[in-house]
Amino acid sequence: MIVPRVEESAPGAFITFEGGEGAGKSTQIARLAATLRARSGRDVCVTREPGGSPRAEEIRAALLGGVAKPYGPFAEALLFCAARIDHLDRLIRPALRRGEIVLCDRFIDSTRAYQGAAGGLDPAVVAALERVVVGPTRPDLTLILDLAPEAGLARAAGRTAGTGQGADRFEAESLAFHTRLRDAFLAIARAEPQRCAVIDAGRDPDAVESAIRATVASRLPGLLPMTGSRGDAA
Ligand code: T5A
């Protein structure tokens, strides 16, 4: 039997950002965190997956370096899960219990999309891993930043241009892989409309930020009061 490790009624709020490569998640998490810090009166914890705790960051380095790739998507999924267990126990669940707003760059939907839909791992295996690793600690809101994969990969490449860094383990996958990813994230949003919202990430950063604020204000009004004539948060 699985014992829940965080109370269903934990007073914090858990928001995850998902999407393909270079969709703008880091950019928008930083902006939303600043807004929430200024306007919600709550502490805001910004974190990411894989990573977010010292041990999980070690696993991140191995995963993005491609160390687990030869072992296939199941082994990679297990490593993402190992990182997630530590991240949940050390950072996410304690922050939620303290009443903080947790903003996480990628979470369960990335495993579903990357190792599952695009990588070929059986969805039943992905669901079983989710059940034992995540248990009841589900996001209150998931913002899926949707962008054509060609545009996202170009943005990601532009960010590392001139740094001597090449594409990482997943950026280096084929365009067909990235197209399957986009379709997978959109399918997740269709399957769980109460938890997920799709944000058009092809616009300029200010327009994307505005859409995210409006979504947070309407889905989680306790965090960001809704004001303004266009339904946007002030
Ligand atoms: N993964 C992860 C799995 O396979 N399974 C899992 O279970 C999990 C949790 C993580 C990798 O691990 C995989 C998925 C990933 O491949 P990562 O380095 O964290 O690796 O990669 P990403 O999450 O994809 O993050 P990126 O940093 O590549 O992209 P972001 O955060 O979406 O984008 P951001 O904000 O850094 O922006 C990229 C560039 O675009 C510009 C920015 O200035 C930046 O230069 N930009 C814009 N340009 C134009 N218009 C906009 N609106 C822009 N917004 C940002």
# chains A, B, ... in the order shown; residues from 1 in each chain; ligands from 1
$ residues_near_ligand --ligand "ligand 1" --cutoff "6 Å" --atoms "only C-alpha atoms and all ligand atoms" --output "PyMOL selection string"
chain A and resi 20-27+49-50+80+106-108+110-111+114-115+155-156+159+170-171+201-205
$ write_last_selection --atoms "N, CA and C atoms" --output "PDB file, in the first residue's frame"
ATOM      1  N   GLY A  20       7.641  21.978 -25.020  1.00  0.00           N
ATOM      2  CA  GLY A  20       8.822  21.488 -25.719  1.00  0.00           C
ATOM      3  C   GLY A  20      10.062  22.322 -25.415  1.00  0.00           C
ATOM      4  N   GLU A  21      11.130  22.014 -26.112  1.00  0.00           N
ATOM      5  CA  GLU A  21      12.407  22.713 -25.910  1.00  0.00           C
ATOM      6  C   GLU A  21      12.272  24.198 -26.284  1.00  0.00           C
ATOM      7  N   GLY A  22      12.852  25.061 -25.474  1.00  0.00           N
ATOM      8  CA  GLY A  22      12.908  26.487 -25.805  1.00  0.00           C
ATOM      9  C   GLY A  22      11.562  27.186 -25.867  1.00  0.00           C
ATOM     10  N   ALA A  23      10.557  26.620 -25.215  1.00  0.00           N
ATOM     11  CA  ALA A  23       9.215  27.224 -25.279  1.00  0.00           C
ATOM     12  C   ALA A  23       9.114  28.510 -24.479  1.00  0.00           C
ATOM     13  N   GLY A  24      10.084  28.738 -23.583  1.00  0.00           N
ATOM     14  CA  GLY A  24      10.075  29.975 -22.793  1.00  0.00           C
ATOM     15  C   GLY A  24       9.655  29.752 -21.346  1.00  0.00           C
ATOM     16  N   LYS A  25       9.753  28.519 -20.860  1.00  0.00           N
ATOM     17  CA  LYS A  25       9.296  28.238 -19.499  1.00  0.00           C
ATOM     18  C   LYS A  25      10.119  28.990 -18.451  1.00  0.00           C
ATOM     19  N   SER A  26      11.459  28.924 -18.565  1.00  0.00           N
ATOM     20  CA  SER A  26      12.301  29.593 -17.559  1.00  0.00           C
ATOM     21  C   SER A  26      12.015  31.090 -17.536  1.00  0.00           C
ATOM     22  N   THR A  27      11.887  31.667 -18.736  1.00  0.00           N
ATOM     23  CA  THR A  27      11.615  33.108 -18.846  1.00  0.00           C
ATOM     24  C   THR A  27      10.310  33.448 -18.128  1.00  0.00           C
ATOM     25  N   GLU A  49      12.747  20.500 -12.884  1.00  0.00           N
ATOM     26  CA  GLU A  49      13.042  19.066 -13.029  1.00  0.00           C
ATOM     27  C   GLU A  49      13.665  18.797 -14.389  1.00  0.00           C
ATOM     28  N   PRO A  50      14.554  17.835 -14.541  1.00  0.00           N
ATOM     29  CA  PRO A  50      15.123  17.148 -13.397  1.00  0.00           C
ATOM     30  C   PRO A  50      15.984  18.118 -12.598  1.00  0.00           C
ATOM     31  N   PHE A  80      14.703   9.739 -14.007  1.00  0.00           N
ATOM     32  CA  PHE A  80      13.900  10.950 -13.772  1.00  0.00           C
ATOM     33  C   PHE A  80      13.079  10.783 -12.489  1.00  0.00           C
ATOM     34  N   ARG A 106       8.836  21.943 -15.452  1.00  0.00           N
ATOM     35  CA  ARG A 106       8.661  20.538 -15.828  1.00  0.00           C
ATOM     36  C   ARG A 106       8.343  19.677 -14.602  1.00  0.00           C
ATOM     37  N   PHE A 107       7.503  18.647 -14.852  1.00  0.00           N
ATOM     38  CA  PHE A 107       7.146  17.681 -13.800  1.00  0.00           C
ATOM     39  C   PHE A 107       6.623  16.428 -14.502  1.00  0.00           C
ATOM     40  N   ILE A 108       5.574  15.816 -13.994  1.00  0.00           N
ATOM     41  CA  ILE A 108       5.126  14.507 -14.511  1.00  0.00           C
ATOM     42  C   ILE A 108       4.799  14.497 -15.995  1.00  0.00           C
ATOM     43  N   SER A 110       6.256  15.916 -18.395  1.00  0.00           N
ATOM     44  CA  SER A 110       7.447  15.730 -19.230  1.00  0.00           C
ATOM     45  C   SER A 110       7.805  14.251 -19.338  1.00  0.00           C
ATOM     46  N   THR A 111       7.619  13.494 -18.258  1.00  0.00           N
ATOM     47  CA  THR A 111       7.875  12.048 -18.345  1.00  0.00           C
ATOM     48  C   THR A 111       6.864  11.395 -19.282  1.00  0.00           C
ATOM     49  N   TYR A 114       8.014  12.891 -22.947  1.00  0.00           N
ATOM     50  CA  TYR A 114       9.351  12.559 -23.472  1.00  0.00           C
ATOM     51  C   TYR A 114       9.610  11.049 -23.463  1.00  0.00           C
ATOM     52  N   GLN A 115       9.428  10.412 -22.290  1.00  0.00           N
ATOM     53  CA  GLN A 115       9.744   8.975 -22.223  1.00  0.00           C
ATOM     54  C   GLN A 115       8.554   8.153 -22.738  1.00  0.00           C
ATOM     55  N   ARG A 155      15.126  28.760 -30.800  1.00  0.00           N
ATOM     56  CA  ARG A 155      15.344  29.596 -29.603  1.00  0.00           C
ATOM     57  C   ARG A 155      16.398  28.953 -28.693  1.00  0.00           C
ATOM     58  N   ALA A 156      16.268  27.637 -28.473  1.00  0.00           N
ATOM     59  CA  ALA A 156      17.220  26.947 -27.586  1.00  0.00           C
ATOM     60  C   ALA A 156      18.633  27.032 -28.158  1.00  0.00           C
ATOM     61  N   ARG A 159      20.127  30.485 -27.698  1.00  0.00           N
ATOM     62  CA  ARG A 159      20.553  30.780 -26.329  1.00  0.00           C
ATOM     63  C   ARG A 159      21.962  30.265 -26.064  1.00  0.00           C
ATOM     64  N   PHE A 170      18.232  15.684 -25.190  1.00  0.00           N
ATOM     65  CA  PHE A 170      16.899  15.696 -25.789  1.00  0.00           C
ATOM     66  C   PHE A 170      16.789  16.720 -26.917  1.00  0.00           C
ATOM     67  N   GLU A 171      17.502  17.834 -26.808  1.00  0.00           N
ATOM     68  CA  GLU A 171      17.487  18.810 -27.909  1.00  0.00           C
ATOM     69  C   GLU A 171      17.998  18.160 -29.204  1.00  0.00           C
ATOM     70  N   ALA A 201       2.773  30.123 -26.933  1.00  0.00           N
ATOM     71  CA  ALA A 201       4.101  30.637 -26.583  1.00  0.00           C
ATOM     72  C   ALA A 201       4.823  31.224 -27.789  1.00  0.00           C
ATOM     73  N   GLY A 202       4.138  31.350 -28.919  1.00  0.00           N
ATOM     74  CA  GLY A 202       4.764  31.887 -30.124  1.00  0.00           C
ATOM     75  C   GLY A 202       4.762  33.411 -30.169  1.00  0.00           C
ATOM     76  N   ARG A 203       4.128  34.020 -29.197  1.00  0.00           N
ATOM     77  CA  ARG A 203       4.052  35.487 -29.187  1.00  0.00           C
ATOM     78  C   ARG A 203       5.251  36.076 -28.440  1.00  0.00           C
ATOM     79  N   ASP A 204       5.301  37.411 -28.372  1.00  0.00           N
ATOM     80  CA  ASP A 204       6.441  38.027 -27.672  1.00  0.00           C
ATOM     81  C   ASP A 204       6.302  37.767 -26.169  1.00  0.00           C
ATOM     82  N   PRO A 205       7.413  37.866 -25.438  1.00  0.00           N
ATOM     83  CA  PRO A 205       7.393  37.476 -24.018  1.00  0.00           C
ATOM     84  C   PRO A 205       6.355  38.231 -23.183  1.00  0.00           C
TER      85      PRO A 205
END
$ select_by_dssp --residues "region 9-222 of chain A" --states "strand (DSSP E or B)" --output "PDB file with N, CA and C atoms, in the first residue's frame"
ATOM      1  N   ALA A  13       0.345  26.108  -2.966  1.00  0.00           N
ATOM      2  CA  ALA A  13      -0.192  25.974  -4.323  1.00  0.00           C
ATOM      3  C   ALA A  13       0.937  25.488  -5.218  1.00  0.00           C
ATOM      4  N   PHE A  14       0.604  24.560  -6.099  1.00  0.00           N
ATOM      5  CA  PHE A  14       1.631  23.898  -6.915  1.00  0.00           C
ATOM      6  C   PHE A  14       1.297  24.153  -8.390  1.00  0.00           C
ATOM      7  N   ILE A  15       2.177  24.915  -9.059  1.00  0.00           N
ATOM      8  CA  ILE A  15       1.965  25.240 -10.477  1.00  0.00           C
ATOM      9  C   ILE A  15       3.154  24.695 -11.267  1.00  0.00           C
ATOM     10  N   THR A  16       2.870  23.924 -12.307  1.00  0.00           N
ATOM     11  CA  THR A  16       3.957  23.409 -13.147  1.00  0.00           C
ATOM     12  C   THR A  16       3.896  24.038 -14.535  1.00  0.00           C
ATOM     13  N   PHE A  17       5.073  24.161 -15.144  1.00  0.00           N
ATOM     14  CA  PHE A  17       5.213  24.672 -16.512  1.00  0.00           C
ATOM     15  C   PHE A  17       5.717  23.529 -17.382  1.00  0.00           C
ATOM     16  N   GLU A  18       5.077  23.332 -18.521  1.00  0.00           N
ATOM     17  CA  GLU A  18       5.475  22.244 -19.411  1.00  0.00           C
ATOM     18  C   GLU A  18       5.525  22.738 -20.845  1.00  0.00           C
ATOM     19  N   GLY A  19       6.126  21.938 -21.716  1.00  0.00           N
ATOM     20  CA  GLY A  19       6.203  22.293 -23.128  1.00  0.00           C
ATOM     21  C   GLY A  19       7.479  21.759 -23.742  1.00  0.00           C
ATOM     22  N   VAL A  44       7.287  32.342  -2.537  1.00  0.00           N
ATOM     23  CA  VAL A  44       7.263  31.640  -3.817  1.00  0.00           C
ATOM     24  C   VAL A  44       8.561  30.845  -3.952  1.00  0.00           C
ATOM     25  N   CYS A  45       8.421  29.566  -4.249  1.00  0.00           N
ATOM     26  CA  CYS A  45       9.576  28.678  -4.419  1.00  0.00           C
ATOM     27  C   CYS A  45       9.673  28.326  -5.908  1.00  0.00           C
ATOM     28  N   VAL A  46      10.791  28.684  -6.531  1.00  0.00           N
ATOM     29  CA  VAL A  46      10.989  28.375  -7.961  1.00  0.00           C
ATOM     30  C   VAL A  46      11.941  27.193  -8.075  1.00  0.00           C
ATOM     31  N   THR A  47      11.535  26.198  -8.817  1.00  0.00           N
ATOM     32  CA  THR A  47      12.377  25.006  -8.919  1.00  0.00           C
ATOM     33  C   THR A  47      12.224  24.359 -10.298  1.00  0.00           C
ATOM     34  N   ARG A  48      12.943  23.265 -10.531  1.00  0.00           N
ATOM     35  CA  ARG A  48      12.913  22.672 -11.869  1.00  0.00           C
ATOM     36  C   ARG A  48      13.131  21.163 -11.797  1.00  0.00           C
ATOM     37  N   ILE A 101       3.904  29.017  -2.570  1.00  0.00           N
ATOM     38  CA  ILE A 101       3.528  28.758  -3.963  1.00  0.00           C
ATOM     39  C   ILE A 101       4.766  28.143  -4.629  1.00  0.00           C
ATOM     40  N   VAL A 102       4.630  26.934  -5.141  1.00  0.00           N
ATOM     41  CA  VAL A 102       5.751  26.259  -5.800  1.00  0.00           C
ATOM     42  C   VAL A 102       5.550  26.351  -7.311  1.00  0.00           C
ATOM     43  N   LEU A 103       6.543  26.940  -7.991  1.00  0.00           N
ATOM     44  CA  LEU A 103       6.532  27.018  -9.460  1.00  0.00           C
ATOM     45  C   LEU A 103       7.612  26.074  -9.960  1.00  0.00           C
ATOM     46  N   CYS A 104       7.211  25.054 -10.686  1.00  0.00           N
ATOM     47  CA  CYS A 104       8.187  24.032 -11.094  1.00  0.00           C
ATOM     48  C   CYS A 104       8.283  23.945 -12.620  1.00  0.00           C
ATOM     49  N   ASP A 105       9.510  24.068 -13.128  1.00  0.00           N
ATOM     50  CA  ASP A 105       9.811  23.977 -14.557  1.00  0.00           C
ATOM     51  C   ASP A 105       9.910  22.490 -14.917  1.00  0.00           C
ATOM     52  N   LEU A 141      -2.281  23.504 -11.009  1.00  0.00           N
ATOM     53  CA  LEU A 141      -2.411  24.092 -12.346  1.00  0.00           C
ATOM     54  C   LEU A 141      -1.152  23.757 -13.141  1.00  0.00           C
ATOM     55  N   THR A 142      -1.351  23.350 -14.396  1.00  0.00           N
ATOM     56  CA  THR A 142      -0.220  23.098 -15.295  1.00  0.00           C
ATOM     57  C   THR A 142      -0.371  23.984 -16.523  1.00  0.00           C
ATOM     58  N   LEU A 143       0.634  24.829 -16.745  1.00  0.00           N
ATOM     59  CA  LEU A 143       0.633  25.730 -17.899  1.00  0.00           C
ATOM     60  C   LEU A 143       1.475  25.082 -18.992  1.00  0.00           C
ATOM     61  N   ILE A 144       0.835  24.754 -20.099  1.00  0.00           N
ATOM     62  CA  ILE A 144       1.542  24.098 -21.201  1.00  0.00           C
ATOM     63  C   ILE A 144       1.865  25.155 -22.245  1.00  0.00           C
ATOM     64  N   LEU A 145       3.152  25.485 -22.360  1.00  0.00           N
ATOM     65  CA  LEU A 145       3.573  26.510 -23.322  1.00  0.00           C
ATOM     66  C   LEU A 145       3.730  25.850 -24.689  1.00  0.00           C
ATOM     67  N   ASP A 146       2.839  26.213 -25.587  1.00  0.00           N
ATOM     68  CA  ASP A 146       2.781  25.534 -26.887  1.00  0.00           C
ATOM     69  C   ASP A 146       3.473  26.363 -27.961  1.00  0.00           C
ATOM     70  N   CYS A 196      -4.991  21.574 -16.641  1.00  0.00           N
ATOM     71  CA  CYS A 196      -4.061  22.127 -17.639  1.00  0.00           C
ATOM     72  C   CYS A 196      -4.652  23.311 -18.393  1.00  0.00           C
ATOM     73  N   ALA A 197      -3.777  24.229 -18.786  1.00  0.00           N
ATOM     74  CA  ALA A 197      -4.161  25.322 -19.681  1.00  0.00           C
ATOM     75  C   ALA A 197      -3.064  25.458 -20.733  1.00  0.00           C
ATOM     76  N   VAL A 198      -3.466  25.581 -21.995  1.00  0.00           N
ATOM     77  CA  VAL A 198      -2.487  25.745 -23.079  1.00  0.00           C
ATOM     78  C   VAL A 198      -2.282  27.240 -23.323  1.00  0.00           C
ATOM     79  N   ILE A 199      -1.014  27.630 -23.350  1.00  0.00           N
ATOM     80  CA  ILE A 199      -0.646  29.030 -23.585  1.00  0.00           C
ATOM     81  C   ILE A 199       0.081  29.106 -24.925  1.00  0.00           C
ATOM     82  N   ASP A 200      -0.345  30.005 -25.799  1.00  0.00           N
ATOM     83  CA  ASP A 200       0.341  30.203 -27.086  1.00  0.00           C
ATOM     84  C   ASP A 200       1.684  30.891 -26.804  1.00  0.00           C
TER      85      ASP A 200
END
$ closest_residue --among "A:Ala217, A:Ile85, A:Ala151, A:Val67" --to "Val132 (chain A)" --atoms "only C-alpha atoms"
A:Ile85
$ residues_around --residues "region 36-40 of chain A" --least-positions-apart "4" --cutoff "7 Å" --atoms "only C-alpha atoms" --output "PyMOL selection string"
chain A and resi 32+44+223-224
$ closest_residue --among "A:Arg138, A:Arg180, A:Arg31, A:Arg60" --to "Ala10 (chain A)" --atoms "only C-alpha atoms"
A:Arg138
$ atom_distance --atom1 "CA of Glu58 (chain A)" --atom2 "CA of Leu175 (chain A)"
28.1 Å
